[in-house]
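Trainee: Input entry.txt, format and content: compact mmCIF, C-alpha atoms.
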# COMPACT_ATOMS: atom_id res chain seq x y z
CA MET J 1 0.00 0.00 0.00
CA ALA J 2 2.78 2.44 0.94
CA SER J 3 4.66 1.68 -2.27
CA ALA J 4 1.50 2.36 -4.30
CA ILE J 5 1.13 5.78 -2.63
CA VAL J 6 4.79 6.60 -3.28
CA LEU J 7 4.41 5.49 -6.90
CA LEU J 8 1.25 7.60 -7.30
CA LEU J 9 2.97 10.67 -5.80
CA ALA J 10 5.98 10.17 -8.08
CA LEU J 11 3.66 9.89 -11.09
CA PHE J 12 1.81 13.05 -10.05
CA ALA J 13 5.10 14.95 -9.56
CA ALA J 14 6.41 13.83 -12.95
CA THR J 15 3.18 14.88 -14.65
CA ALA J 16 3.15 18.26 -12.88
CA TYR J 17 6.78 18.84 -13.86
CA THR J 18 6.20 17.84 -17.49
CA PHE J 19 3.23 20.17 -17.92
CA GLY J 20 4.65 23.04 -15.86
CA LEU J 21 2.00 22.79 -13.16
CA PRO J 22 2.56 24.09 -9.62
CA PRO J 23 4.92 23.70 -7.90
CA PHE J 24 6.93 23.19 -11.11
CA THR J 25 5.54 26.18 -13.00
CA LYS J 26 7.99 27.32 -15.66
CA ARG J 27 8.96 30.99 -15.79
CA GLY J 28 7.61 32.81 -18.80
CA ASP J 29 9.79 34.97 -21.01
CA ILE J 30 9.68 38.75 -21.20
CA GLU J 31 10.14 39.42 -24.88
CA ALA J 32 11.44 42.77 -26.13
CA ALA J 33 8.80 42.73 -28.87
CA ASP J 34 6.03 42.63 -26.24
CA ALA J 35 7.33 45.48 -24.04
CA CYS J 36 5.49 48.79 -23.89
CA PRO J 37 6.87 51.30 -26.40
CA THR J 38 6.80 53.91 -23.61
CA LEU J 39 9.53 51.94 -21.81
CA GLY J 40 12.01 53.08 -24.45
CA ASP J 41 14.62 50.71 -25.84
CA ALA J 42 12.75 47.38 -25.80
CA SER J 43 15.80 45.14 -25.42
CA ARG J 44 17.10 47.06 -22.41
CA ALA J 45 13.63 47.17 -20.88
CA ALA J 46 13.18 43.40 -21.27
CA VAL J 47 16.55 42.69 -19.60
CA ALA J 48 15.81 45.03 -16.68
CA LEU J 49 12.28 43.71 -16.18
CA THR J 50 13.46 40.09 -16.26
CA ALA J 51 15.90 40.93 -13.46
CA VAL J 52 13.36 42.60 -11.15
CA VAL J 53 10.01 40.84 -11.49
CA PRO J 54 9.06 37.62 -9.70
CA ASP J 55 8.78 34.32 -11.56
CA ARG J 56 5.45 34.00 -13.34
CA SER J 57 4.35 31.62 -16.07
CA SER J 58 3.41 34.50 -18.38
CA TYR J 59 3.88 38.26 -18.62
CA SER J 60 1.81 40.88 -20.38
CA PHE J 61 1.92 44.63 -20.96
CA ASP J 62 -0.65 47.39 -21.18
CA ASP J 63 0.67 50.63 -22.68
CA ASN J 64 -1.28 53.88 -22.43
CA LEU J 65 -0.48 57.27 -23.89
CA PRO J 66 -3.72 59.13 -23.07
CA ASP J 67 -2.19 62.60 -23.26
CA PRO J 68 0.59 62.96 -25.83
CA ARG J 69 2.13 66.39 -26.23
CA ARG J 70 1.15 67.33 -29.74
CA ASP J 71 3.16 70.54 -30.23
CA SER J 72 5.15 73.23 -28.39
CA THR J 73 1.98 75.00 -27.19
CA ASP J 74 0.70 71.89 -25.41
CA SER J 75 1.60 71.92 -21.71
CA SER J 76 0.75 68.32 -20.83
CA TYR J 77 2.02 64.80 -21.39
CA LEU J 78 1.01 61.54 -19.72
CA SER J 79 1.95 57.93 -20.36
CA ALA J 80 1.70 54.73 -18.36
CA CYS J 81 2.94 51.18 -18.83
CA PHE J 82 1.53 48.37 -16.71
CA VAL J 83 3.46 45.10 -16.49
CA TYR J 84 1.52 42.01 -15.40
CA GLY J 85 2.57 38.52 -14.42
CA ASP J 86 -0.17 35.87 -14.48
CA GLY J 87 -2.72 38.71 -14.39
CA GLU J 88 -1.22 40.43 -11.32
CA GLN J 89 0.22 43.94 -11.68
CA LEU J 90 3.96 43.79 -11.04
CA VAL J 91 5.30 47.12 -12.32
CA LEU J 92 3.90 50.55 -13.14
CA VAL J 93 5.93 53.06 -15.18
CA GLU J 94 4.47 56.56 -15.45
CA ALA J 95 5.71 59.70 -17.20
CA GLU J 96 3.94 63.00 -16.68
CA MET J 97 4.65 66.62 -17.52
CA THR J 98 4.50 68.67 -14.35
CA GLU J 99 6.12 71.53 -12.49
CA TYR J 100 7.34 71.82 -8.93
CA ASP J 101 9.01 74.94 -7.55
CA ARG J 102 11.24 72.77 -5.42
CA MET J 103 12.55 69.34 -6.39
CA ALA J 104 12.20 68.27 -2.76
CA ASP J 105 8.44 68.82 -3.13
CA TRP J 106 8.43 66.50 -6.16
CA VAL J 107 10.22 63.80 -4.16
CA THR J 108 7.78 64.19 -1.26
CA GLU J 109 4.57 64.40 -3.28
CA VAL J 110 5.33 61.94 -6.07
CA VAL J 111 8.09 59.51 -5.13
CA GLU J 112 7.51 59.10 -1.41
CA GLN J 113 3.96 57.97 -2.16
CA ARG J 114 5.58 54.75 -3.37
CA ALA J 115 8.66 54.36 -1.15
CA SER J 116 9.78 55.65 2.22
CA ALA J 117 12.10 58.64 2.29
CA SER J 118 14.70 56.67 4.23
CA SER J 119 14.97 54.05 1.45
CA LEU J 120 15.64 56.60 -1.32
CA THR J 121 19.14 57.49 -2.47
CA PRO J 122 20.10 59.80 -5.35
CA PHE J 123 21.53 58.83 -8.71
CA ARG J 124 22.67 60.92 -11.67
CA ALA J 125 19.93 61.82 -14.15
CA GLY J 126 17.92 64.92 -15.03
CA ASP J 127 17.60 67.67 -12.41
CA GLU J 128 16.81 65.18 -9.65
CA ALA J 129 16.76 61.39 -9.48
CA VAL J 130 16.21 59.01 -6.57
CA ALA J 131 15.83 55.25 -6.24
CA SER J 132 15.25 52.42 -3.81
CA PRO J 133 14.81 48.67 -4.34
CA ARG J 134 11.12 49.37 -5.12
CA VAL J 135 11.12 52.74 -6.96
CA ALA J 136 13.28 54.73 -9.38
CA ALA J 137 12.30 58.24 -10.43
CA VAL J 138 13.75 60.98 -12.63
CA TYR J 139 12.71 64.65 -12.76
CA LEU J 140 14.05 66.25 -15.93
CA PRO J 141 13.57 69.55 -17.77
CA CYS J 142 11.35 69.56 -20.82
CA THR J 143 10.19 72.98 -22.01
CA SER J 144 12.16 76.21 -22.22
CA ARG J 145 9.37 78.54 -23.32
CA GLY J 146 6.43 79.70 -21.24
CA LEU J 147 6.03 77.58 -18.14
CA ARG J 148 9.26 75.72 -17.54
CA ARG J 149 7.71 72.27 -17.43
CA HIS J 150 9.49 69.09 -16.37
CA LEU J 151 8.88 65.41 -16.91
CA SER J 152 8.37 63.20 -13.90
CA VAL J 153 9.20 59.58 -14.72
CA VAL J 154 8.51 57.00 -12.02
CA VAL J 155 9.06 53.23 -12.08
CA HIS J 156 7.23 51.47 -9.25
CA LEU J 157 8.01 47.80 -8.64
CA LYS J 158 4.90 46.53 -6.89
CA GLN J 159 5.92 42.87 -6.67
CA PRO J 160 9.69 42.33 -6.54
CA GLY J 161 11.48 39.17 -7.59
CA ASP J 162 14.16 37.39 -5.59
CA ALA J 163 17.10 39.66 -6.52
CA ASP J 164 18.77 41.56 -3.71
CA GLY J 165 18.09 45.25 -3.14
CA THR J 166 21.22 46.47 -4.94
CA VAL J 167 20.33 44.54 -8.10
CA LEU J 168 16.69 45.65 -7.98
CA ARG J 169 17.72 49.31 -7.56
CA ALA J 170 20.21 49.14 -10.46
CA HIS J 171 17.69 47.66 -12.88
CA LEU J 172 14.92 50.04 -11.79
CA ILE J 173 17.29 52.94 -12.50
CA ALA J 174 17.95 51.48 -15.96
CA LEU J 175 14.19 51.25 -16.58
CA ALA J 176 13.61 54.82 -15.36
CA LYS J 177 16.36 56.26 -17.56
CA ASN J 178 15.15 54.23 -20.54
CA ALA J 179 11.55 55.44 -20.08
CA ALA J 180 12.76 59.02 -19.51
CA VAL J 181 14.64 59.05 -22.82
CA PHE J 182 11.50 57.90 -24.63
CA ALA J 183 9.22 60.39 -22.80
CA HIS J 184 11.63 63.29 -23.40
CA ARG J 185 11.56 62.59 -27.14
CA LYS J 186 7.84 61.77 -27.37
CA ALA J 187 6.84 64.86 -25.35
CA ARG J 188 8.78 67.02 -27.83
CA CYS J 189 10.97 68.42 -25.10
CA ASP J 190 13.35 71.19 -26.19
CA LYS J 191 15.35 71.46 -22.99
CA GLY J 192 17.59 69.20 -20.98
CA ALA J 193 18.39 65.53 -21.33
CA VAL J 194 18.24 62.46 -19.16
CA GLY J 195 22.00 62.55 -18.48
Show this structure as structure tokens.

Mentor:
Amino acid sequence: MASAIVLLLALFAATAYTFGLPPFTKRGDIEAADACPTLGDASRAAVALTAVVPDRSSYSFDDNLPDPRRDSTDSSYLSACFVYGDGEQLVLVEAEMTEYDRMADWVTEVVEQRASASSLTPFRAGDEAVASPRVAAVYLPCTSRGLRRHLSVVVHLKQPGDADGTVLRAHLIALAKNAAVFAHRKARCDKGAVG
């Protein structure tokens, strides 16, 4: 009787492994061709996302550009990329044209809504850039005429993978810079650069 149970369990485990059923679910691939265009360079985005997200059997993207900046008189821009794993939101990348008198206010009002102030450390990009193992954000100049508008680009890792904090932070910074380059070009910015 005991040997029959062991044989049945072994058969079940082999079947589950063969068909990728839990607990042997195979990790899906994040393909560059599937990545949101608003993430910028698709190959770089796919590498960075693969490094930060948890293992899921499939990944999907939802790209939104509800408010493109159409010309130099337009004072708004908004884009968002949602990254899902098995239907669960893993990452949100947002770019928005905005203006803060003080960069510290931007950090407090935008970035600290997603990560504690104590976890954020600066990195080089735009006028201000901060990151943690869960968030990377860049505040960069965009317009030189009229209101001196900036782009706020924020990458929020909602469900991290198994990488350590240093690796997560580095890849989130890469995603933020990549998305900032795309947003700066798409928003027809005439001032500044990601850096």

Trainee: Using all atoms listed in the file, find the one residue out of J:Thr38, J:Thr98, J:Asn178, J:Ser118 that sits nearest to Val83 in chain J.

Mentor: J:Thr38

Trainee: Env of range 58-70 of chain J: 6 Å cut, atoms = all atoms listed in the file, seq-sep filter 5 positions within chain, self excluded. Answer as a PyMOL selection string.

Mentor: chain J and resi 28+36+76-86+187

Trainee: Go ahead and save the residues from that selection, with C-alpha atoms, as an mmCIF file, keeping the file's coordinate frame.

Mentor:
data_model
loop_
_atom_site.group_PDB
_atom_site.id
_atom_site.type_symbol
_atom_site.label_atom_id
_atom_site.label_comp_id
_atom_site.auth_asym_id
_atom_site.auth_seq_id
_atom_site.Cartn_x
_atom_site.Cartn_y
_atom_site.Cartn_z
ATOM 1 C CA GLY J 28 7.610 32.810 -18.800
ATOM 2 C CA CYS J 36 5.490 48.790 -23.890
ATOM 3 C CA SER J 76 0.750 68.320 -20.830
ATOM 4 C CA TYR J 77 2.020 64.800 -21.390
ATOM 5 C CA LEU J 78 1.010 61.540 -19.720
ATOM 6 C CA SER J 79 1.950 57.930 -20.360
ATOM 7 C CA ALA J 80 1.700 54.730 -18.360
ATOM 8 C CA CYS J 81 2.940 51.180 -18.830
ATOM 9 C CA PHE J 82 1.530 48.370 -16.710
ATOM 10 C CA VAL J 83 3.460 45.100 -16.490
ATOM 11 C CA TYR J 84 1.520 42.010 -15.400
ATOM 12 C CA GLY J 85 2.570 38.520 -14.420
ATOM 13 C CA ASP J 86 -0.170 35.870 -14.480
ATOM 14 C CA ALA J 187 6.840 64.860 -25.350
#

Trainee: Rank nothing, just name the residue among J:His156, J:Glu88, J:Ser57, J:Arg102 nearest to Leu175 in chain J, using all atoms listed in the file.

Mentor: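 The answer is J:His156, which sits nearest to Leu175 in chain J.
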
Trainee: When you count all atoms listed in the file, which of these residues is closest to Ile30 in chain J: J:Ser144, J:Val138, J:Ala42, J:Thr50?

Mentor: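 Checking each candidate against Ile30 in chain J, we get J:Thr50 as the closest.
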
Trainee: Of the residues J:Arg149, J:Ala179, J:Ala46, J:Ala163, which is the one nearest to Asp101 in chain J, using only C-alpha atoms?

Mentor: J:Arg149

Trainee: One number please: CA of Ala48 in chain J to CA of Asp105 in chain J, in Å, one decimal.

Mentor: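 Computing the Euclidean distance for CA of Ala48 in chain J and CA of Asp105 in chain J yields 28.4 Å.
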
Trainee: Provide range 143-157 of chain J rebuilt to N, CA and C atoms, formatted as a PDB file, in the frame of the given file.

Mentor:
ATOM      1  N   THR J 143      10.477  71.811 -21.173  1.00  0.00           N
ATOM      2  CA  THR J 143      10.190  72.980 -22.010  1.00  0.00           C
ATOM      3  C   THR J 143      10.983  74.194 -21.561  1.00  0.00           C
ATOM      4  N   SER J 144      11.388  75.006 -22.528  1.00  0.00           N
ATOM      5  CA  SER J 144      12.160  76.210 -22.220  1.00  0.00           C
ATOM      6  C   SER J 144      11.331  77.475 -22.392  1.00  0.00           C
ATOM      7  N   ARG J 145      10.213  77.371 -23.086  1.00  0.00           N
ATOM      8  CA  ARG J 145       9.370  78.540 -23.320  1.00  0.00           C
ATOM      9  C   ARG J 145       8.130  78.485 -22.430  1.00  0.00           C
ATOM     10  N   GLY J 146       7.633  79.650 -22.072  1.00  0.00           N
ATOM     11  CA  GLY J 146       6.430  79.700 -21.240  1.00  0.00           C
ATOM     12  C   GLY J 146       6.721  79.095 -19.882  1.00  0.00           C
ATOM     13  N   LEU J 147       5.792  78.288 -19.390  1.00  0.00           N
ATOM     14  CA  LEU J 147       6.030  77.580 -18.140  1.00  0.00           C
ATOM     15  C   LEU J 147       7.184  76.613 -18.337  1.00  0.00           C
ATOM     16  N   ARG J 148       8.097  76.615 -17.441  1.00  0.00           N
ATOM     17  CA  ARG J 148       9.260  75.720 -17.540  1.00  0.00           C
ATOM     18  C   ARG J 148       8.876  74.353 -16.977  1.00  0.00           C
ATOM     19  N   ARG J 149       8.243  73.563 -17.832  1.00  0.00           N
ATOM     20  CA  ARG J 149       7.710  72.270 -17.430  1.00  0.00           C
ATOM     21  C   ARG J 149       8.816  71.208 -17.382  1.00  0.00           C
ATOM     22  N   HIS J 150       8.593  70.229 -16.533  1.00  0.00           N
ATOM     23  CA  HIS J 150       9.490  69.090 -16.370  1.00  0.00           C
ATOM     24  C   HIS J 150       8.727  67.798 -16.637  1.00  0.00           C
ATOM     25  N   LEU J 151       9.471  66.737 -16.858  1.00  0.00           N
ATOM     26  CA  LEU J 151       8.880  65.410 -16.910  1.00  0.00           C
ATOM     27  C   LEU J 151       9.214  64.674 -15.625  1.00  0.00           C
ATOM     28  N   SER J 152       8.207  64.066 -15.061  1.00  0.00           N
ATOM     29  CA  SER J 152       8.370  63.200 -13.900  1.00  0.00           C
ATOM     30  C   SER J 152       8.190  61.777 -14.388  1.00  0.00           C
ATOM     31  N   VAL J 153       9.240  60.968 -14.282  1.00  0.00           N
ATOM     32  CA  VAL J 153       9.200  59.580 -14.720  1.00  0.00           C
ATOM     33  C   VAL J 153       9.419  58.694 -13.502  1.00  0.00           C
ATOM     34  N   VAL J 154       8.451  57.828 -13.214  1.00  0.00           N
ATOM     35  CA  VAL J 154       8.510  57.000 -12.020  1.00  0.00           C
ATOM     36  C   VAL J 154       8.293  55.533 -12.391  1.00  0.00           C
ATOM     37  N   VAL J 155       9.200  54.684 -11.936  1.00  0.00           N
ATOM     38  CA  VAL J 155       9.060  53.230 -12.080  1.00  0.00           C
ATOM     39  C   VAL J 155       8.776  52.681 -10.693  1.00  0.00           C
ATOM     40  N   HIS J 156       7.627  52.025 -10.553  1.00  0.00           N
ATOM     41  CA  HIS J 156       7.230  51.470  -9.250  1.00  0.00           C
ATOM     42  C   HIS J 156       7.132  49.954  -9.377  1.00  0.00           C
ATOM     43  N   LEU J 157       8.020  49.255  -8.683  1.00  0.00           N
ATOM     44  CA  LEU J 157       8.010  47.800  -8.640  1.00  0.00           C
ATOM     45  C   LEU J 157       7.082  47.365  -7.517  1.00  0.00           C
TER      46      LEU J 157
END
